[in-house]
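See below for the structure under consideration.
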Amino acid sequence: MDGPETVPPPAWSFGGTQEQAGELAALVLDGRKTATASALWDYEAEGEPLPIAGGLSIILDGRGEPRAVIRTTDVHVAPFCEVGAGHARAEGEGDRSLAHW
């Protein structure tokens, strides 16, 4: 007896290059990167829905290999000028400061 079909979560990488994808996937695996941000207009231009809380994603490294499964816990839309230091720290990059972000 076959069970219900399952659909795997979407697979994607952070960053715009293979090098960034590898570095950012490593930050996820290290537990340093627990947040990310995207431009709202990117979603609108592509006709893509915003992520939803509870959604799963497969994170790929710079070679396109799956490295982690993450769950979105919160989605917040805000102007760039309202992004705070806590979010910058959760992004996990550089010195984790808002100035670096």
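All residue names refer to the structure tokens as shown: chains lettered A, B, ... in order, residues numbered from 1 in each chain, ligands numbered from 1 in order.
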
Practice task
Please identify all polymer residues within 7 Å of Gln18 (chain A), counting only C-alpha atoms, omitting same-chain residues fewer than 2 positions from it, and present them as a count of residues only.
Solution key: 5

Give the strand (DSSP E) residues of region 29-97 of chain A, as DSSP finds them on the backbone, and put them as a CSV table (one decimal) with all heavy atoms, in the first residue's frame.
chain,number,residue,atom,x,y,z
A,56,LEU,N,9.7,24.9,5.3
A,56,LEU,CA,11.0,24.3,5.3
A,56,LEU,C,11.8,24.6,4.0
A,56,LEU,O,11.1,24.9,3.0
A,56,LEU,CB,10.9,22.8,5.4
A,56,LEU,CG,10.2,22.2,6.7
A,56,LEU,CD1,10.1,20.7,6.5
A,56,LEU,CD2,11.1,22.6,7.9
A,57,SER,N,13.1,24.7,4.1
A,57,SER,CA,13.9,24.9,2.9
A,57,SER,C,15.2,24.0,3.1
A,57,SER,O,15.7,23.8,4.2
A,57,SER,CB,14.4,26.3,2.8
A,57,SER,OG,13.3,27.2,2.6
A,58,ILE,N,15.7,23.5,1.9
A,58,ILE,CA,16.9,22.8,1.9
A,58,ILE,C,18.0,23.8,1.5
A,58,ILE,O,17.9,24.5,0.5
A,58,ILE,CB,16.9,21.7,0.9
A,58,ILE,CG1,15.8,20.6,1.3
A,58,ILE,CG2,18.3,21.0,0.7
A,58,ILE,CD1,15.5,19.6,0.2
A,59,ILE,N,19.0,24.0,2.3
A,59,ILE,CA,20.1,24.9,2.0
A,59,ILE,C,21.2,24.2,1.3
A,59,ILE,O,21.7,23.2,1.8
A,59,ILE,CB,20.6,25.6,3.3
A,59,ILE,CG1,19.5,26.4,4.0
A,59,ILE,CG2,21.8,26.5,3.0
A,59,ILE,CD1,18.8,27.4,3.1
A,60,LEU,N,21.6,24.8,0.2
A,60,LEU,CA,22.7,24.2,-0.7
A,60,LEU,C,24.0,24.9,-0.4
A,60,LEU,O,24.0,26.1,-0.1
A,60,LEU,CB,22.3,24.3,-2.1
A,60,LEU,CG,21.0,23.7,-2.6
A,60,LEU,CD1,20.7,24.1,-4.0
A,60,LEU,CD2,20.9,22.3,-2.3
A,66,PRO,N,23.2,19.7,-0.9
A,66,PRO,CA,22.3,20.0,0.2
A,66,PRO,C,23.2,19.9,1.5
A,66,PRO,O,23.9,18.9,1.7
A,66,PRO,CB,21.2,18.9,0.2
A,66,PRO,CG,21.7,17.9,-0.7
A,66,PRO,CD,22.8,18.4,-1.6
A,67,ARG,N,23.0,20.9,2.4
A,67,ARG,CA,23.8,20.9,3.6
A,67,ARG,C,23.0,21.0,4.9
A,67,ARG,O,23.4,20.6,5.9
A,67,ARG,CB,24.8,22.1,3.6
A,67,ARG,CG,25.8,22.0,2.5
A,67,ARG,CD,26.7,20.8,2.6
A,67,ARG,NE,27.1,20.6,4.0
A,67,ARG,CZ,28.4,20.7,4.4
A,67,ARG,NH1,29.3,20.9,3.6
A,67,ARG,NH2,28.7,20.5,5.7
A,68,ALA,N,21.7,21.5,4.7
A,68,ALA,CA,20.9,21.7,5.9
A,68,ALA,C,19.5,21.8,5.5
A,68,ALA,O,19.2,22.2,4.4
A,68,ALA,CB,21.3,22.9,6.7
A,69,VAL,N,18.6,21.5,6.4
A,69,VAL,CA,17.2,21.8,6.3
A,69,VAL,C,16.9,22.9,7.4
A,69,VAL,O,17.2,22.6,8.5
A,69,VAL,CB,16.3,20.6,6.5
A,69,VAL,CG1,14.8,21.0,6.4
A,69,VAL,CG2,16.6,19.5,5.4
A,70,ILE,N,16.3,24.0,7.0
A,70,ILE,CA,15.9,25.0,7.9
A,70,ILE,C,14.4,25.2,7.9
A,70,ILE,O,13.7,24.9,7.0
A,70,ILE,CB,16.7,26.4,7.6
A,70,ILE,CG1,16.2,26.9,6.2
A,70,ILE,CG2,18.2,26.2,7.7
A,70,ILE,CD1,16.7,28.3,5.9
A,71,ARG,N,13.9,25.8,9.0
A,71,ARG,CA,12.5,26.1,9.2
A,71,ARG,C,12.4,27.6,9.4
A,71,ARG,O,13.1,28.2,10.2
A,71,ARG,CB,11.9,25.4,10.3
A,71,ARG,CG,10.4,25.7,10.5
A,71,ARG,CD,9.8,25.0,11.7
A,71,ARG,NE,9.9,23.6,11.6
A,71,ARG,CZ,9.1,22.7,11.0
A,71,ARG,NH1,8.1,23.2,10.3
A,71,ARG,NH2,9.3,21.4,11.0

Problem - Contact residues around Gly31 (chain A) with only C-alpha atoms at 12 Å, ignoring same-chain residues under 2 positions, as a PyMOL selection string - result: chain A and resi 24-29+33-35+68+70+89-93

Exercise for the section: Could you please write out, as a ChimeraX atom specification, every residue of chain A that DSSP assigns to helix (DSSP H, G or I)? Expected result: /A:18-30,40-46,80-82,85-91

How would the residues just picked look written out with N, CA, C and O atoms as a CSV table (one decimal), in the first residue's frame?
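Produced file again-v2.csv, reproduced below:
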chain,number,residue,atom,x,y,z
A,18,GLN,N,28.9,31.2,-5.9
A,18,GLN,CA,29.2,29.9,-5.3
A,18,GLN,C,30.0,30.0,-4.0
A,18,GLN,O,29.8,29.3,-3.1
A,19,GLU,N,31.0,31.0,-4.0
A,19,GLU,CA,31.8,31.2,-2.8
A,19,GLU,C,30.9,31.7,-1.7
A,19,GLU,O,31.0,31.1,-0.6
A,20,GLN,N,30.0,32.6,-1.9
A,20,GLN,CA,29.1,33.1,-0.9
A,20,GLN,C,28.2,32.0,-0.4
A,20,GLN,O,28.0,31.8,0.8
A,21,ALA,N,27.7,31.2,-1.3
A,21,ALA,CA,26.8,30.1,-0.9
A,21,ALA,C,27.5,29.1,0.0
A,21,ALA,O,26.9,28.7,1.0
A,22,GLY,N,28.8,28.8,-0.2
A,22,GLY,CA,29.5,27.9,0.6
A,22,GLY,C,29.8,28.6,2.0
A,22,GLY,O,29.6,27.9,3.0
A,23,GLU,N,30.2,29.8,2.0
A,23,GLU,CA,30.5,30.5,3.3
A,23,GLU,C,29.2,30.7,4.1
A,23,GLU,O,29.3,30.4,5.3
A,24,LEU,N,28.1,31.0,3.5
A,24,LEU,CA,26.9,31.2,4.3
A,24,LEU,C,26.3,29.9,4.7
A,24,LEU,O,25.7,29.8,5.8
A,25,ALA,N,26.4,28.9,3.9
A,25,ALA,CA,25.9,27.5,4.4
A,25,ALA,C,26.7,27.1,5.6
A,25,ALA,O,26.2,26.5,6.5
A,26,ALA,N,28.0,27.4,5.6
A,26,ALA,CA,28.9,27.0,6.7
A,26,ALA,C,28.4,27.8,8.0
A,26,ALA,O,28.4,27.2,9.1
A,27,LEU,N,28.0,29.1,7.8
A,27,LEU,CA,27.6,29.8,9.0
A,27,LEU,C,26.3,29.3,9.5
A,27,LEU,O,26.0,29.3,10.7
A,28,VAL,N,25.4,28.8,8.6
A,28,VAL,CA,24.2,28.1,9.1
A,28,VAL,C,24.5,26.9,9.9
A,28,VAL,O,24.0,26.6,11.0
A,29,LEU,N,25.4,26.1,9.4
A,29,LEU,CA,25.8,24.8,10.1
A,29,LEU,C,26.5,25.1,11.4
A,29,LEU,O,26.4,24.3,12.3
A,30,ASP,N,27.3,26.2,11.5
A,30,ASP,CA,27.9,26.6,12.7
A,30,ASP,C,26.9,27.2,13.7
A,30,ASP,O,27.3,27.4,14.9
A,40,LEU,N,11.9,42.9,-0.9
A,40,LEU,CA,10.5,42.6,-1.2
A,40,LEU,C,10.3,42.7,-2.7
A,40,LEU,O,9.6,41.9,-3.3
A,41,TRP,N,10.9,43.7,-3.4
A,41,TRP,CA,10.7,43.8,-4.8
A,41,TRP,C,11.2,42.6,-5.6
A,41,TRP,O,10.7,42.4,-6.7
A,42,ASP,N,12.2,41.9,-5.1
A,42,ASP,CA,12.6,40.6,-5.8
A,42,ASP,C,11.5,39.6,-5.8
A,42,ASP,O,11.2,39.0,-6.9
A,43,TYR,N,10.8,39.5,-4.7
A,43,TYR,CA,9.6,38.6,-4.7
A,43,TYR,C,8.5,39.1,-5.7
A,43,TYR,O,8.0,38.3,-6.4
A,44,GLU,N,8.3,40.3,-5.6
A,44,GLU,CA,7.2,40.9,-6.5
A,44,GLU,C,7.6,40.8,-7.9
A,44,GLU,O,6.7,40.4,-8.8
A,45,ALA,N,8.8,41.1,-8.3
A,45,ALA,CA,9.3,41.0,-9.7
A,45,ALA,C,9.2,39.6,-10.3
A,45,ALA,O,8.9,39.4,-11.4
A,46,GLU,N,9.5,38.6,-9.4
A,46,GLU,CA,9.4,37.2,-9.9
A,46,GLU,C,8.1,36.6,-9.7
A,46,GLU,O,7.9,35.4,-10.1
A,80,PHE,N,14.3,49.1,4.9
A,80,PHE,CA,15.7,48.9,5.2
A,80,PHE,C,16.1,49.7,6.5
A,80,PHE,O,16.9,49.2,7.3
A,81,CYS,N,15.7,50.9,6.6
A,81,CYS,CA,16.1,51.8,7.7
A,81,CYS,C,15.6,51.3,9.0
A,81,CYS,O,16.1,51.8,10.1
A,82,GLU,N,14.7,50.4,9.1
A,82,GLU,CA,14.2,49.8,10.3
A,82,GLU,C,14.8,48.5,10.8
A,82,GLU,O,14.5,48.0,11.8
A,85,ALA,N,20.0,46.1,15.0
A,85,ALA,CA,21.2,45.4,15.3
A,85,ALA,C,21.0,43.9,15.6
A,85,ALA,O,21.9,43.1,15.3
A,86,GLY,N,19.9,43.5,16.2
A,86,GLY,CA,19.6,42.1,16.5
A,86,GLY,C,19.5,41.3,15.2
A,86,GLY,O,20.0,40.2,15.2
A,87,HIS,N,18.9,41.9,14.2
A,87,HIS,CA,18.8,41.1,12.9
A,87,HIS,C,20.2,41.0,12.3
A,87,HIS,O,20.5,39.9,11.8
A,88,ALA,N,20.9,42.1,12.3
A,88,ALA,CA,22.3,42.1,11.7
A,88,ALA,C,23.1,41.0,12.4
A,88,ALA,O,23.9,40.2,11.8
A,89,ARG,N,23.0,40.9,13.7
A,89,ARG,CA,23.8,39.9,14.5
A,89,ARG,C,23.3,38.5,14.1
A,89,ARG,O,24.1,37.6,13.8
A,90,ALA,N,22.0,38.3,13.9
A,90,ALA,CA,21.5,36.9,13.5
A,90,ALA,C,21.9,36.6,12.1
A,90,ALA,O,21.9,35.4,11.8
A,91,GLU,N,22.1,37.5,11.3
A,91,GLU,CA,22.6,37.2,9.9
A,91,GLU,C,23.9,36.5,10.0
A,91,GLU,O,24.2,35.7,9.0

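If only C-alpha atoms are the atoms counted, then among A:Ala53, A:Ala78, A:Ala11, A:Ala99 the closest residue to Ser38 (chain A) is A:Ala78.
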